[in-house]
Each structure stands twice: as structure tokens, then as C-alpha cells.
file coords_19.cif (mmCIF, C-alpha atoms)
data_data
loop_
_atom_site.group_PDB
_atom_site.id
_atom_site.type_symbol
_atom_site.label_atom_id
_atom_site.label_comp_id
_atom_site.auth_asym_id
_atom_site.auth_seq_id
_atom_site.Cartn_x
_atom_site.Cartn_y
_atom_site.Cartn_z
ATOM 1 C CA MET A 1 55.287 16.428 37.596
ATOM 2 C CA GLU A 2 52.176 15.751 35.549
ATOM 3 C CA ASP A 3 52.162 12.913 33.007
ATOM 4 C CA LYS A 4 51.476 15.342 30.187
ATOM 5 C CA GLU A 5 54.567 17.368 31.044
ATOM 6 C CA ILE A 6 56.690 14.219 31.247
ATOM 7 C CA LEU A 7 55.482 13.121 27.820
ATOM 8 C CA GLU A 8 56.154 16.544 26.298
ATOM 9 C CA LYS A 9 59.680 16.556 27.695
ATOM 10 C CA PHE A 10 60.239 12.991 26.510
ATOM 11 C CA ALA A 11 59.312 14.038 22.972
ATOM 12 C CA ASN A 12 62.202 16.516 23.016
ATOM 13 C CA PRO A 13 65.547 14.702 22.491
ATOM 14 C CA ASP A 14 67.341 17.232 24.710
ATOM 15 C CA SER A 15 65.173 16.498 27.745
ATOM 16 C CA ARG A 16 64.323 12.866 27.011
ATOM 17 C CA ASN A 17 66.573 11.290 29.645
ATOM 18 C CA LEU A 18 65.468 13.727 32.315
ATOM 19 C CA ALA A 19 61.791 13.108 31.535
ATOM 20 C CA PHE A 20 62.229 9.363 31.606
ATOM 21 C CA ASN A 21 64.095 9.512 34.897
ATOM 22 C CA GLN A 22 61.163 11.447 36.358
ATOM 23 C CA LEU A 23 58.708 8.911 34.959
ATOM 24 C CA VAL A 24 60.645 6.057 36.575
ATOM 25 C CA ARG A 25 60.797 7.852 39.917
ATOM 26 C CA LYS A 26 57.075 8.575 39.780
ATOM 27 C CA TYR A 27 55.895 5.069 38.917
ATOM 28 C CA GLN A 28 58.643 2.680 40.035
ATOM 29 C CA GLN A 29 56.968 1.719 43.309
ATOM 30 C CA LYS A 30 53.540 1.096 41.784
ATOM 31 C CA VAL A 31 55.058 -1.067 39.055
ATOM 32 C CA TYR A 32 57.389 -2.908 41.422
ATOM 33 C CA TRP A 33 54.720 -3.737 44.030
ATOM 34 C CA HIS A 34 52.255 -4.813 41.361
ATOM 35 C CA ILE A 35 54.849 -7.249 40.010
ATOM 36 C CA ARG A 36 56.157 -8.316 43.413
ATOM 37 C CA LYS A 37 52.713 -9.425 44.612
ATOM 38 C CA MET A 38 52.462 -11.623 41.543
ATOM 39 C CA VAL A 39 55.939 -13.202 41.444
ATOM 40 C CA ILE A 40 56.654 -13.045 45.218
ATOM 41 C CA ASP A 41 60.450 -13.180 44.885
ATOM 42 C CA HIS A 42 62.286 -9.835 45.110
ATOM 43 C CA ASP A 43 64.962 -10.684 42.533
ATOM 44 C CA ASP A 44 62.357 -11.753 39.985
ATOM 45 C CA ALA A 45 60.337 -8.610 40.681
ATOM 46 C CA ASP A 46 63.478 -6.493 40.302
ATOM 47 C CA ASP A 47 64.303 -8.053 36.900
ATOM 48 C CA LEU A 48 60.744 -7.687 35.642
ATOM 49 C CA THR A 49 60.457 -4.087 36.832
ATOM 50 C CA GLN A 50 63.564 -3.180 34.851
ATOM 51 C CA GLU A 51 62.205 -5.011 31.814
ATOM 52 C CA VAL A 52 58.934 -3.111 32.081
ATOM 53 C CA PHE A 53 60.687 0.264 32.124
ATOM 54 C CA LEU A 54 62.934 -0.762 29.233
ATOM 55 C CA LYS A 55 59.807 -1.565 27.221
ATOM 56 C CA VAL A 56 58.359 1.782 28.268
ATOM 57 C CA TRP A 57 61.545 3.526 27.093
ATOM 58 C CA LYS A 58 61.373 1.838 23.702
ATOM 59 C CA ASN A 59 57.668 2.362 23.144
ATOM 60 C CA LEU A 60 56.796 5.613 24.887
ATOM 61 C CA GLU A 61 56.992 7.509 21.596
ATOM 62 C CA ASN A 62 54.127 5.353 20.299
ATOM 63 C CA PHE A 63 52.022 5.772 23.444
ATOM 64 C CA ARG A 64 48.540 7.061 22.602
ATOM 65 C CA GLN A 65 47.871 9.972 24.898
ATOM 66 C CA ASP A 66 44.122 9.342 24.970
ATOM 67 C CA ALA A 67 44.864 6.544 27.483
ATOM 68 C CA GLN A 68 46.143 7.076 31.023
ATOM 69 C CA LEU A 69 49.896 6.608 31.343
ATOM 70 C CA TYR A 70 49.674 4.595 34.553
ATOM 71 C CA THR A 71 47.091 2.158 33.105
ATOM 72 C CA TRP A 72 49.451 1.659 30.169
ATOM 73 C CA LEU A 73 52.301 0.957 32.610
ATOM 74 C CA TYR A 74 50.100 -1.445 34.561
ATOM 75 C CA ARG A 75 49.223 -3.245 31.354
ATOM 76 C CA ILE A 76 52.877 -3.732 30.397
ATOM 77 C CA ALA A 77 53.697 -4.882 33.928
ATOM 78 C CA THR A 78 50.730 -7.255 33.939
ATOM 79 C CA ASN A 79 51.787 -8.806 30.629
ATOM 80 C CA GLU A 80 55.330 -9.244 31.905
ATOM 81 C CA CYS A 81 54.026 -11.014 35.029
ATOM 82 C CA LEU A 82 51.730 -13.345 33.106
ATOM 83 C CA THR A 83 54.483 -14.181 30.607
ATOM 84 C CA PHE A 84 56.946 -14.833 33.430
ATOM 85 C CA LEU A 85 54.544 -17.160 35.278
ATOM 86 C CA SER A 86 53.550 -18.898 32.072
ATOM 87 C CA ASN A 87 57.201 -19.501 31.137
ATOM 88 C CA LYS A 88 57.881 -20.795 34.620
ATOM 89 C CA LYS A 89 55.133 -23.393 34.265
ATOM 90 C CA ARG A 90 56.256 -24.401 30.773
ATOM 91 C CA LYS A 91 59.997 -24.409 31.412
ATOM 92 C CA PHE A 92 59.846 -26.789 34.328
ATOM 93 C CA PHE A 93 56.863 -28.801 33.049
ATOM 94 C CA LEU A 94 55.137 -27.982 36.284
ATOM 95 C CA PRO A 95 51.393 -28.125 36.756
ATOM 96 C CA ILE A 96 49.820 -24.926 38.125
ATOM 97 C CA ASN A 97 49.690 -26.198 41.700
ATOM 98 C CA ASP A 98 53.410 -26.878 41.779
ATOM 99 C CA VAL A 99 54.252 -23.325 40.725
ATOM 100 C CA ALA A 100 51.890 -22.123 43.461
ATOM 101 C CA ALA A 101 53.687 -24.454 45.887
ATOM 102 C CA GLU A 102 57.050 -23.025 44.822
ATOM 103 C CA LEU A 103 55.802 -19.465 45.360
ATOM 104 C CA THR A 104 54.266 -20.458 48.698
ATOM 105 C CA GLU A 105 57.620 -21.849 49.784
ATOM 106 C CA LYS A 106 59.188 -18.494 48.904
ATOM 107 C CA ILE A 107 56.773 -16.757 51.276
ATOM 108 C CA ASP A 108 58.197 -18.882 54.086
ATOM 109 C CA SER A 109 61.844 -18.616 53.074
ATOM 110 C CA SER A 110 62.355 -15.180 51.476
ATOM 111 C CA PRO A 111 64.361 -12.706 53.565
ATOM 112 C CA TYR A 112 62.269 -9.802 52.301
ATOM 113 C CA ILE A 113 58.896 -10.920 53.631
ATOM 114 C CA SER A 114 57.464 -10.212 57.049
ATOM 115 C CA GLY A 115 54.029 -10.156 58.604
ATOM 116 C CA ASP A 116 51.842 -11.798 61.181
ATOM 117 C CA GLU A 117 50.452 -15.281 60.715
ATOM 118 C CA ILE A 118 47.111 -14.219 59.334
ATOM 119 C CA GLN A 119 48.715 -11.891 56.770
ATOM 120 C CA LEU A 120 51.003 -14.662 55.561
ATOM 121 C CA LYS A 121 48.045 -17.046 55.383
ATOM 122 C CA LEU A 122 46.261 -14.482 53.249
ATOM 123 C CA GLN A 123 49.230 -14.349 50.833
ATOM 124 C CA LYS A 124 49.347 -18.144 50.629
ATOM 125 C CA ALA A 125 45.597 -18.298 50.035
ATOM 126 C CA LEU A 126 46.017 -15.783 47.210
ATOM 127 C CA LEU A 127 48.473 -18.106 45.499
ATOM 128 C CA LYS A 128 45.733 -20.716 45.186
ATOM 129 C CA LEU A 129 43.806 -18.430 42.842
ATOM 130 C CA PRO A 130 44.320 -18.515 39.066
ATOM 131 C CA ASP A 131 46.862 -15.871 37.972
ATOM 132 C CA LYS A 132 44.358 -13.518 36.342
ATOM 133 C CA GLN A 133 41.968 -13.677 39.282
ATOM 134 C CA ARG A 134 44.908 -12.927 41.577
ATOM 135 C CA LEU A 135 45.728 -9.907 39.421
ATOM 136 C CA VAL A 136 42.167 -8.627 39.692
ATOM 137 C CA PHE A 137 42.171 -9.139 43.443
ATOM 138 C CA ASN A 138 45.506 -7.362 43.931
ATOM 139 C CA MET A 139 44.550 -4.369 41.813
ATOM 140 C CA LYS A 140 41.201 -3.969 43.558
ATOM 141 C CA TYR A 141 42.085 -4.877 47.143
ATOM 142 C CA TYR A 142 45.647 -3.547 47.496
ATOM 143 C CA ASP A 143 45.938 -0.887 44.787
ATOM 144 C CA ASP A 144 42.371 0.443 45.145
ATOM 145 C CA LEU A 145 41.958 0.737 41.394
ATOM 146 C CA LYS A 146 38.458 1.275 40.020
ATOM 147 C CA TYR A 147 36.852 -1.518 38.049
ATOM 148 C CA GLU A 148 36.879 0.756 34.991
ATOM 149 C CA GLU A 149 40.647 1.182 35.315
ATOM 150 C CA ILE A 150 41.207 -2.561 35.775
ATOM 151 C CA SER A 151 38.965 -3.114 32.773
ATOM 152 C CA GLU A 152 41.202 -0.851 30.689
ATOM 153 C CA ILE A 153 44.335 -2.651 31.893
ATOM 154 C CA LEU A 154 43.107 -6.212 31.421
ATOM 155 C CA GLY A 155 40.709 -5.660 28.513
ATOM 156 C CA THR A 156 37.909 -7.380 30.443
ATOM 157 C CA SER A 157 34.367 -6.158 31.046
ATOM 158 C CA VAL A 158 33.547 -4.436 34.326
ATOM 159 C CA GLY A 159 30.829 -7.012 35.030
ATOM 160 C CA ALA A 160 33.248 -9.897 34.649
ATOM 161 C CA LEU A 161 35.762 -8.143 36.919
ATOM 162 C CA LYS A 162 33.159 -7.586 39.652
ATOM 163 C CA ALA A 163 32.159 -11.239 39.501
ATOM 164 C CA SER A 164 35.807 -12.334 39.508
ATOM 165 C CA TYR A 165 36.670 -10.173 42.526
ATOM 166 C CA HIS A 166 33.601 -11.310 44.467
ATOM 167 C CA LEU A 167 34.480 -14.933 43.748
ATOM 168 C CA ALA A 168 38.110 -14.375 44.714
ATOM 169 C CA VAL A 169 37.112 -12.932 48.099
ATOM 170 C CA LYS A 170 34.862 -15.919 48.796
ATOM 171 C CA LYS A 171 37.580 -18.377 47.795
ATOM 172 C CA ILE A 172 40.220 -16.637 49.939
ATOM 173 C CA GLU A 173 37.965 -16.635 53.008
ATOM 174 C CA GLU A 174 37.302 -20.307 52.392
ATOM 175 C CA PHE A 175 41.030 -21.118 51.930
ATOM 176 C CA ILE A 176 41.910 -19.350 55.183
ATOM 177 C CA LYS A 177 39.113 -21.175 56.994
ATOM 178 C CA GLN A 178 40.396 -24.547 55.744
ATOM 179 C CA ASP A 179 44.016 -23.951 56.866
ATOM 180 C CA MET B 1 44.974 -19.865 66.160
ATOM 181 C CA LYS B 2 43.203 -22.199 63.742
ATOM 182 C CA GLU B 3 39.942 -21.517 65.603
ATOM 183 C CA ASN B 4 40.425 -17.773 65.061
ATOM 184 C CA HIS B 5 40.584 -18.260 61.276
ATOM 185 C CA LYS B 6 37.181 -19.932 61.075
ATOM 186 C CA HIS B 7 35.217 -16.684 60.915
ATOM 187 C CA ILE B 8 37.640 -14.480 58.973
ATOM 188 C CA ILE B 9 35.998 -11.796 56.896
ATOM 189 C CA LEU B 10 38.464 -10.224 54.495
ATOM 190 C CA SER B 11 37.126 -6.717 54.927
ATOM 191 C CA ASP B 12 37.863 -6.959 58.665
ATOM 192 C CA LEU B 13 41.574 -7.536 58.056
ATOM 193 C CA PRO B 14 43.903 -4.522 57.960
ATOM 194 C CA LYS B 15 45.597 -4.178 54.575
ATOM 195 C CA HIS B 16 49.244 -4.861 55.175
ATOM 196 C CA ASN B 17 52.065 -5.260 52.679
ATOM 197 C CA VAL B 18 54.107 -8.226 53.866
ATOM 198 C CA TYR B 19 56.758 -7.750 51.185
ATOM 199 C CA GLU B 20 59.929 -5.750 51.763
ATOM 200 C CA VAL B 21 62.828 -4.527 49.636
ATOM 201 C CA PRO B 22 66.549 -4.111 50.414
ATOM 202 C CA ASP B 23 67.628 -0.786 51.896
ATOM 203 C CA ASP B 24 67.716 2.136 49.428
ATOM 204 C CA TYR B 25 66.331 -0.107 46.682
ATOM 205 C CA PHE B 26 64.005 2.551 45.258
ATOM 206 C CA ASP B 27 66.748 5.197 45.471
ATOM 207 C CA ARG B 28 69.057 3.118 43.272
ATOM 208 C CA LEU B 29 66.528 1.584 40.894
ATOM 209 C CA PRO B 30 66.091 4.659 38.600
ATOM 210 C CA MET B 31 69.843 4.856 38.062
ATOM 211 C CA ARG B 32 70.055 1.149 37.195
ATOM 212 C CA ILE B 33 67.200 1.504 34.741
ATOM 213 C CA MET B 34 68.749 4.603 33.138
ATOM 214 C CA GLU B 35 72.012 2.699 32.654
ATOM 215 C CA ARG B 36 70.133 0.013 30.765
ATOM 216 C CA THR B 37 68.235 2.508 28.616
ATOM 217 C CA ALA B 38 71.547 4.101 27.611
ATOM 218 C CA ALA B 39 72.543 0.768 26.064
ATOM 219 C CA ALA B 40 69.150 0.201 24.464
ATOM 220 C CA PRO B 41 68.510 1.444 20.899
ATOM 221 C CA LYS B 42 66.133 4.415 20.849
ATOM 222 C CA SER B 43 64.808 4.475 17.302
ATOM 223 C CA GLY B 44 64.080 1.914 14.640
ATOM 224 C CA TRP B 45 64.172 -0.737 17.314
ATOM 225 C CA VAL B 46 61.120 -2.549 15.997
ATOM 226 C CA SER B 47 62.448 -2.727 12.443
ATOM 227 C CA VAL B 48 65.855 -3.957 13.666
ATOM 228 C CA GLN B 49 64.224 -6.637 15.803
ATOM 229 C CA LEU B 50 61.961 -7.636 12.929
ATOM 230 C CA TRP B 51 64.915 -7.837 10.540
ATOM 231 C CA GLN B 52 66.889 -9.968 13.008
ATOM 232 C CA ASN B 53 63.966 -12.353 13.386
ATOM 233 C CA LEU B 54 63.207 -12.584 9.669
ATOM 234 C CA ARG B 55 66.791 -12.682 8.403
ATOM 235 C CA MET B 56 67.106 -16.452 8.657
ATOM 236 C CA ALA B 57 63.741 -17.006 7.001
ATOM 237 C CA ILE B 58 64.484 -14.972 3.890
ATOM 238 C CA ALA B 59 66.434 -17.591 1.885
ATOM 239 C CA PRO B 60 63.791 -20.357 2.136
ATOM 240 C CA LEU B 61 61.074 -17.743 1.545
ATOM 241 C CA VAL B 62 62.694 -16.571 -1.699
ATOM 242 C CA LEU B 63 63.102 -20.188 -2.826
ATOM 243 C CA LEU B 64 59.454 -20.916 -2.049
ATOM 244 C CA LEU B 65 58.297 -17.825 -3.948
ATOM 245 C CA LEU B 66 60.455 -18.886 -6.909
ATOM 246 C CA PHE B 67 58.841 -22.347 -7.040
ATOM 247 C CA VAL B 68 55.347 -20.903 -6.678
ATOM 248 C CA GLY B 69 56.062 -18.338 -9.409
ATOM 249 C CA VAL B 70 57.415 -20.947 -11.825
ATOM 250 C CA PHE B 71 54.456 -23.247 -11.135
ATOM 251 C CA PHE B 72 51.825 -20.572 -11.807
ATOM 252 C CA PHE B 73 53.683 -19.147 -14.814
ATOM 253 C CA GLY B 74 53.781 -22.651 -16.283
ATOM 254 C CA LEU B 75 50.056 -23.131 -15.740
ATOM 255 C CA GLU B 76 49.160 -19.828 -17.388
ATOM 256 C CA SER B 77 51.387 -20.299 -20.427
ATOM 257 C CA GLN B 78 50.088 -23.804 -21.288
ATOM 258 C CA PRO B 79 46.734 -22.751 -22.929
ATOM 259 C CA GLU B 80 48.514 -19.999 -24.883
ATOM 260 C CA GLN B 81 51.055 -22.526 -26.132
ATOM 261 C CA ALA B 82 48.296 -24.959 -27.173
ATOM 262 C CA ALA B 83 46.400 -22.189 -29.029
ATOM 263 C CA PHE B 84 49.612 -21.184 -30.755
ATOM 264 C CA ASN B 85 50.279 -24.787 -31.856
ATOM 265 C CA ILE B 86 46.734 -25.234 -33.245
ATOM 266 C CA ALA B 87 46.927 -21.933 -35.106
ATOM 267 C CA ALA B 88 50.063 -23.125 -36.885
ATOM 268 C CA VAL B 89 48.231 -26.156 -38.396
ATOM 269 C CA SER B 90 46.410 -25.579 -41.649
ATOM 270 C CA ASP B 91 42.693 -26.439 -42.100
ATOM 271 C CA ALA B 92 43.554 -29.012 -44.740
ATOM 272 C CA GLU B 93 45.839 -30.877 -42.371
ATOM 273 C CA ILE B 94 43.128 -30.923 -39.698
ATOM 274 C CA VAL B 95 40.564 -32.274 -42.161
ATOM 275 C CA ASP B 96 42.994 -34.943 -43.307
ATOM 276 C CA TYR B 97 43.655 -35.960 -39.738
ATOM 277 C CA LEU B 98 39.967 -36.176 -38.885
ATOM 278 C CA THR B 99 39.212 -38.132 -42.040
ATOM 279 C CA ALA B 100 41.954 -40.621 -41.359
ATOM 280 C CA TYR B 101 41.604 -41.106 -37.599
ATOM 281 C CA SER B 102 38.086 -40.043 -36.598
ATOM 282 C CA THR B 103 34.622 -41.318 -37.304
ATOM 283 C CA VAL B 104 31.741 -38.932 -37.211
ATOM 284 C CA GLU B 105 28.836 -40.295 -35.223
ATOM 285 C CA SER B 106 25.279 -39.181 -34.799
ATOM 286 C CA ASN B 107 26.190 -37.493 -31.508
ATOM 287 C CA ASP B 108 28.559 -35.202 -33.350
ATOM 288 C CA LEU B 109 25.873 -34.322 -35.827
ATOM 289 C CA ALA B 110 23.437 -33.510 -33.049
ATOM 290 C CA GLU B 111 25.912 -31.082 -31.573
ATOM 291 C CA LEU B 112 26.155 -29.323 -34.885
ATOM 292 C CA ASN B 113 22.629 -28.006 -34.438
ATOM 293 C CA THR B 114 23.802 -25.788 -31.608
ATOM 294 C CA LEU B 115 26.506 -24.161 -33.682
ATOM 295 C CA GLN B 116 26.057 -21.198 -35.938
ATOM 296 C CA LYS B 117 26.720 -21.775 -39.609
ATOM 297 C CA GLN B 118 29.470 -19.233 -39.649
ATOM 298 C CA GLU B 119 31.183 -20.975 -36.756
ATOM 299 C CA LEU B 120 31.425 -24.376 -38.418
ATOM 300 C CA ALA B 121 30.362 -24.854 -42.021
ATOM 301 C CA SER B 122 28.785 -28.213 -42.833
ATOM 302 C CA GLU B 123 31.235 -28.696 -45.675
ATOM 303 C CA PHE B 124 34.057 -28.525 -43.175
ATOM 304 C CA ILE B 125 33.278 -32.089 -42.103
ATOM 305 C CA ASN B 126 32.162 -33.220 -45.549
ATOM 306 C CA VAL B 127 28.513 -33.588 -44.521
ATOM 307 C CA SER B 128 25.754 -31.740 -46.326
ATOM 308 C CA ALA B 129 23.352 -29.574 -44.399
ATOM 309 C CA ALA B 130 20.406 -31.792 -45.471
ATOM 310 C CA ASP B 131 22.112 -34.949 -44.198
ATOM 311 C CA ALA B 132 22.892 -33.278 -40.947
ATOM 312 C CA GLU B 133 19.250 -32.189 -40.541
ATOM 313 C CA ALA B 134 18.037 -35.693 -41.355
ATOM 314 C CA GLU B 135 20.402 -37.243 -38.865
ATOM 315 C CA LEU B 136 19.240 -34.780 -36.275
ATOM 316 C CA GLU B 137 15.588 -35.674 -36.824
ATOM 317 C CA TYR B 138 16.439 -39.344 -36.443
ATOM 318 C CA TYR B 139 18.173 -38.721 -33.145
ATOM 319 C CA HIS B 140 15.555 -38.501 -30.408
ATOM 320 C CA LEU B 141 16.945 -36.352 -27.626
ATOM 321 C CA LYS B 142 13.996 -37.091 -25.373
ATOM 322 C CA ASP B 143 14.927 -40.775 -25.202
ATOM 323 C CA THR B 144 18.529 -40.113 -24.341
ATOM 324 C CA GLU B 145 19.619 -40.773 -20.799
ATOM 325 C CA TYR B 146 22.160 -38.357 -19.317
#
call {"tool": "encode", "arguments": {"input": "coords_19.cif", "output": "C-alpha cells"}}
result
Amino acid sequence: MEDKEILEKFANPDSRNLAFNQLVRKYQQKVYWHIRKMVIDHDDADDLTQEVFLKVWKNLENFRQDAQLYTWLYRIATNECLTFLSNKKRKFFLPINDVAAELTEKIDSSPYISGDEIQLKLQKALLKLPDKQRLVFNMKYYDDLKYEEISEILGTSVGALKASYHLAVKKIEEFIKQD
Amino acid sequence: MKENHKHIILSDLPKHNVYEVPDDYFDRLPMRIMERTAAAPKSGWVSVQLWQNLRMAIAPLVLLLLFVGVFFFGLESQPEQAAFNIAAVSDAEIVDYLTAYSTVESNDLAELNTLQKQELASEFINVSAADAEAELEYYHLKDTEY
């Protein structure tokens, strides 16, 4: 179902629940995987995904239809991730590296992670990047989003995103080489 | 293995999602979300949230506004009160007061030159116009240091 049709149905109180159910089914995987790559742990990703869709439910009426629905969803999910990681650092008085160490430990211990050695090294190298640079890398490398779309989601210039992605790739290759 | 990593180029690696989810997770997730939306308020949510957040701040805010209002009202009414008090005093009483407690100096006479006759008559301070002019001539403004 097209986004426009979902939004039209959502505007009608009689078909609101049906429309929202279709929206969730259409975008749940994109939202979940975007969050999961940032927070690593499945349970955290599950909680945040539900929070994202609750926010969507409460604010979809105010959604400006001149923007793409999925970039709006990505933006909400991105904000949830950054808030979650920020709270994690503040709550436990942990410096950035310790949160990265905690997430790295989850890569080794989580039951819902599998992959060969080089793939796991890549994930651990990613955790050494600053959160926003990691977001840019994930959206470009894994989600194949265009720089213009990432720009709309993060509110950053395309030039800055290109530079950030290029730098991230260099850092990751260097991190893997050092390990 | 470490040797193999020395010349890794990211674009050469196959893109692989290492993360997994429990069985049927994405089949059950929409239902779990819909259950939560059923409990969530649909309209006026923002105003309810705002009211809940501001509710505790209202009492001190009202008190603060009251103090600020009283302070500014007091400031504004003071000049009006002073003007009212002066207006209630007769000219004769003012002259008597000035005669008894004030001495007119040459500075005061110099200032008179800047006033219009209708604003302050020379007889009001018991000084003739000629005396005032003479005093003014005697007072050399150019030599005065400010």
C-alpha cells in the first residue's frame, strides 16, 4: 500500500487502526534494523522500536505530507537512538569508550548475533566511531540511502555527510587493520 | 587471521547483517504495538502532557506574577501620588516654606533665565526682574567649571 493511501485511511477514524497496522507492517523492519545496529541489544531495540511507533501514532496527524514518510520515521528512530545512548552514558557516568566497550561485549555475548570473524570485527570497529558518524555509516553502507535522504533525516548538509562517511570508512579500515 | 586483516578494503567485504531476532518476531510485533496504541490517548495528547508538566509550576508562577505586578504597580503610582500631594498645597504655603527654609543663591537666579515668564513669575520668589537680570550679568557662565 502506498504511503499516501495509508495516510488518507489514517485520517479517517473508522479506518485509522487498519491504516496504522499497515504502516507498522510496512516499516517495522527498516525501523527495527536501523535501531538495532545502533543499540546492538535486541531487547533495547525492541523497546525503542515500540516507542518509535507509539510516537508515530500520536503525531501522524501532524505529519507534513511534503516530506517522505520513511524519512520522518527514520528521523524519529534516530532521535530515539541518540537519546537512548546519551542517557546510557549519563545514567552510569560512563565515558564514551566504556559505553562502546559495553556494546562490544554484547556483540560477543548476545544470543541473537552471528557472523564470521571479519563481520564481527567490522561491527566492533563501528562501535569505535562517534554515534552520529556511526548513524551516517549505517544509513549509507547498510541501508543504501542517498546522501540527500540522510541529509533530510539528520538535518546535516550533503557535503558534511560525504566527508563524514569517507572518514568513517577510513577509520573502520584502520581499526580492523589494528586488531 | 590477523595477517588477512591488514589489507581489508571495506568495499571488498560482502554486506552481511550479523544481527538476528527471535522466531516470528516481526509477525508478532505489529500486534504488540497495536495493543500499546489502544492504551495511548489519541487526541489532545500534547495539551494533556503539557498540563501535567506545568501543573506543579503554576502556584509559584502565580505568586511570582503577583509580586512582579505589585512591584510595578507601586512604581507607577508613586509619581502620580507625589503630583497629587503637591497639587493639594497652596502657593502661599509653598512660598512660606521656601522663605523660611531655603536661601536663593545666584545659581537659582541664573536658572531663571531659561524659564518663560509665564512659567515662573519673578514675583513668585520675591525677586524683581531687574535684580534677576543684574545677578545674571554678574554670573559669568564661561568661567564656571562643570
call {"tool": "interface_residues", "arguments": {"input": "coords_19.cif", "of": "chain A", "to": "chain B", "cutoff": "10 Å", "atoms": "only C-alpha atoms", "output": "PyMOL selection string"}}
result
chain A and resi 17-18+20-26+28-29+32-33+36-37+40-43+46+49-59+61+107+110-123+141-142+169-170+172-179
call {"tool": "resolve_selection", "arguments": {"input": "coords_19.cif", "expression": "the PyMOL selection byres ((chain A and resi 149) around 12)", "output": "PyMOL selection string"}}
result
chain A and resi 67-75+136+139-140+143-148+150-158+161
call {"tool": "atom_distance", "arguments": {"input": "coords_19.cif", "atom1": "CA of Lys128 in chain A", "atom2": "CA of Ala100 in chain A"}}
result
6.5 Å
call {"tool": "atom_distance", "arguments": {"input": "coords_19.cif", "atom1": "CA of Lys30 in chain A", "atom2": "CA of Leu7 in chain A"}}
result
18.5 Å
call {"tool": "residues_around", "arguments": {"input": "coords_19.cif", "residues": "Ala19 in chain A", "least_positions_apart": "4", "cutoff": "9 Å", "atoms": "only C-alpha atoms", "output": "list in words"}}
result
Glu5, Ile6, Leu7, Glu8, Lys9, Phe10, Ala11, Ser15, Leu23 and Val24 of chain A
call {"tool": "closest_residue", "arguments": {"input": "coords_19.cif", "among": "A:Leu60, A:Val31, A:Ala45, A:Leu82", "to": "Leu135 in chain A", "atoms": "all atoms listed in the file"}}
result
A:Leu82
